[in-house]
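These notes concern the structure reproduced below.
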Amino acid sequence: MTAAGGATSTLDVRRAVERAFRDDGGRILASLIGSCGGDFQLAEDSMQDAFEVALERWRRDGIPRQPGAWVLTTARRRAIDRLRRAQTWRRKRDVLERLARLEQEEALHGTSSGGEPEEGTVDDHRLRLIFTCCHPALAPEAQIALTLRTIAGLETREIARAFLVPEPTMAQRLVRAKRKIRDAGIPYEVPDDAALPARLATVLAVIYLVFNEGYTATAGDRLVRAELCAEAIRLARVLVELMPDEPEAIGLLALMLLHDSRRDARTSAGGDLVTLEEQDRALWHRDQADEGSALIERALRARRPGPFQLQAAIAALHAEAATPEATDWVQIGLLYSQLLRIQPSAVVRLNRAVAVAMALGPRVGLAELEELSAGGELDEYHLLHAARADLLRRDARPIEAAAAYARALELCSNPIEQRYLRRRLDEVRTASDAAAP
Amino acid sequence: MKYALLIYDTEESADQSEEQMGRWFAYTQELQQSGQMLAGEALQPIATATTVRVRDGKQVTMDGPFAETKEQLGGFYLVDCGNLDEAIAWAAKLPHVGHGSVEVRPLMEFDDMPGAD
């Protein structure tokens, strides 16, 4: 009740509801999903109901002392109503079980003041939420969409725009994902110790996918892409907060901070790709890079190296070099070798070859690449040809470099990378013309 | 929740050795003892399969499985366990899983169908 005893203004109520949504929405949802036995859709709909009721009720009765707790209690009651009204003849047993559980919680926490869960259980719910959104039984696009919607709280519209997909398509993707969670019985749990490493890897992969979507310079809204990187970093921070002893989680956060610290140097005014070597290091965000470096040092002390930690360590070495010439390529090469042992991908092999070339000269790197391409599996891989071209260029062999750049260009589909390759191609063609008798 | 564990494998790799049969037997035992087993059967090889279709009132009966896929249905288990992760855990233990696949799908439950008791 307001001090004056009269109705509260509509504007004040709207602001209070928005604030409650912003500040407590995530925690309320996480807790509610638990109460609803893992049913995301039911939890979301009930929370939606509760906020609508709040708009009406708070105007009449005044803004409650603990708005978050009020919303949670009301949402729980709404969930009970919805379940009671559920007419489906399918899975009635599960509906009744959920109903029983909710009614029990209602009896325990029914009053508006007793509705807020303690800190310990809040963290537990947030962890459950992350692991459930990233359950391997969901398709990767669904994992990403659900994580961004439920944990990051992005609007469906925003997620759709970020992934260049029509809004109804993204909405459908979310609906299907929530339905799958309910219908297939995906549990709302933190995985047990045996399952945790593999499941954590999926969570980290999802967060990194979100980051890369924002980081890769493809077509799309610049602002939205920057938001994605920031969102991924935020998600990783939550994960590290909840699992401070997981070095791979810390490694991922460090890696993204280090990559992101270079965001203002990566593209030219004209939108062209600027390689690491060519970047104006004064444009790098020093404190972000320093935070990343400190984090990876902390992670490595646990002596449980993993792919994200190794990549972060490499990124930190780049960040620490005041100039390209000061880069510790030998150390980077060693780290890539270590990474190769646990993540034997073509990209890692290429990157190692380049690091080796920078440390020991282009000929050594080219020999590595020869060995790599011997099997022929990388023939269609534009990065292989781009790497060869780059080393040939450094080895003052512009004609061969031109041929390799041309091949890379043929195979490359990213318009910004294409522009970069075309620039290099022109450079080496000019160089070979100049060298011609 | 109830789930079907549908067992797919290529027949060439289907190991019929005594050792392998022993593994299947041990698995079934373990599942039974857990109290979560509803049913489990092996199917005979696809050479014994017959596919029936009725279209526009016309029945067509043909030799062979319903689709010529590399991996074929070889058997199934029906389990009743707490959630998908538990069903997945059972699926991952199946003796053929090193080279075949298991599809895990929840069963439809019709508790309240009119006339169902």
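Following the order of the structure tokens, first chain is A, next is B, and so on, with residues numbered from 1 inside each chain and ligands from 1 in the order they appear.
Using only C-alpha atoms, the chain B residues found within 6 Å of chain A amount to Asn83, Leu84, Pro106, Glu109, Phe110 and Asp112 of chain B.
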Give me the residues near Gln44 (chain B) as a PyMOL selection string, where near means some atom within 10 Å (using only C-alpha atoms) and where sequence neighbours in that chain fewer than 6 positions away do not count. chain B and resi 73-75
Output C-alpha atoms for every residue in the selection just made, as a compact mmCIF listing (two decimals), in the first residue's frame.
```
# COMPACT_ATOMS: atom_id res chain seq x y z
CA LEU B 73 16.87 -51.93 -37.00
CA GLY B 74 18.15 -55.00 -35.18
CA GLY B 75 16.31 -54.90 -31.90
```
As a PyMOL selection string, which residues of region 82-215 of chain A does DSSP assign to alpha helix (DSSP H)? chain A and resi 82-85+92-109+119-133+140-146+156-162+167-183+196-215
Contacts of Glu241 (chain A) at 12 Å (only C-alpha atoms; same-chain gap of 2+ positions) as a VMD selection string: chain A and resid 123 to 124 126 to 127 234 to 239 243 to 247 249 to 250 253
Let's see if you can do this: from backbone DSSP, list all strand (DSSP E) residues in region 59-116 of chain B, as a list in words. Gln59, Val60, Thr61, Met62, Asp63, Gln72, Leu73, Gly74, Gly75, Phe76, Tyr77, Leu78, Val79, Asp80, Ser101, Val102, Glu103, Val104, Arg105 and Pro106 of chain B
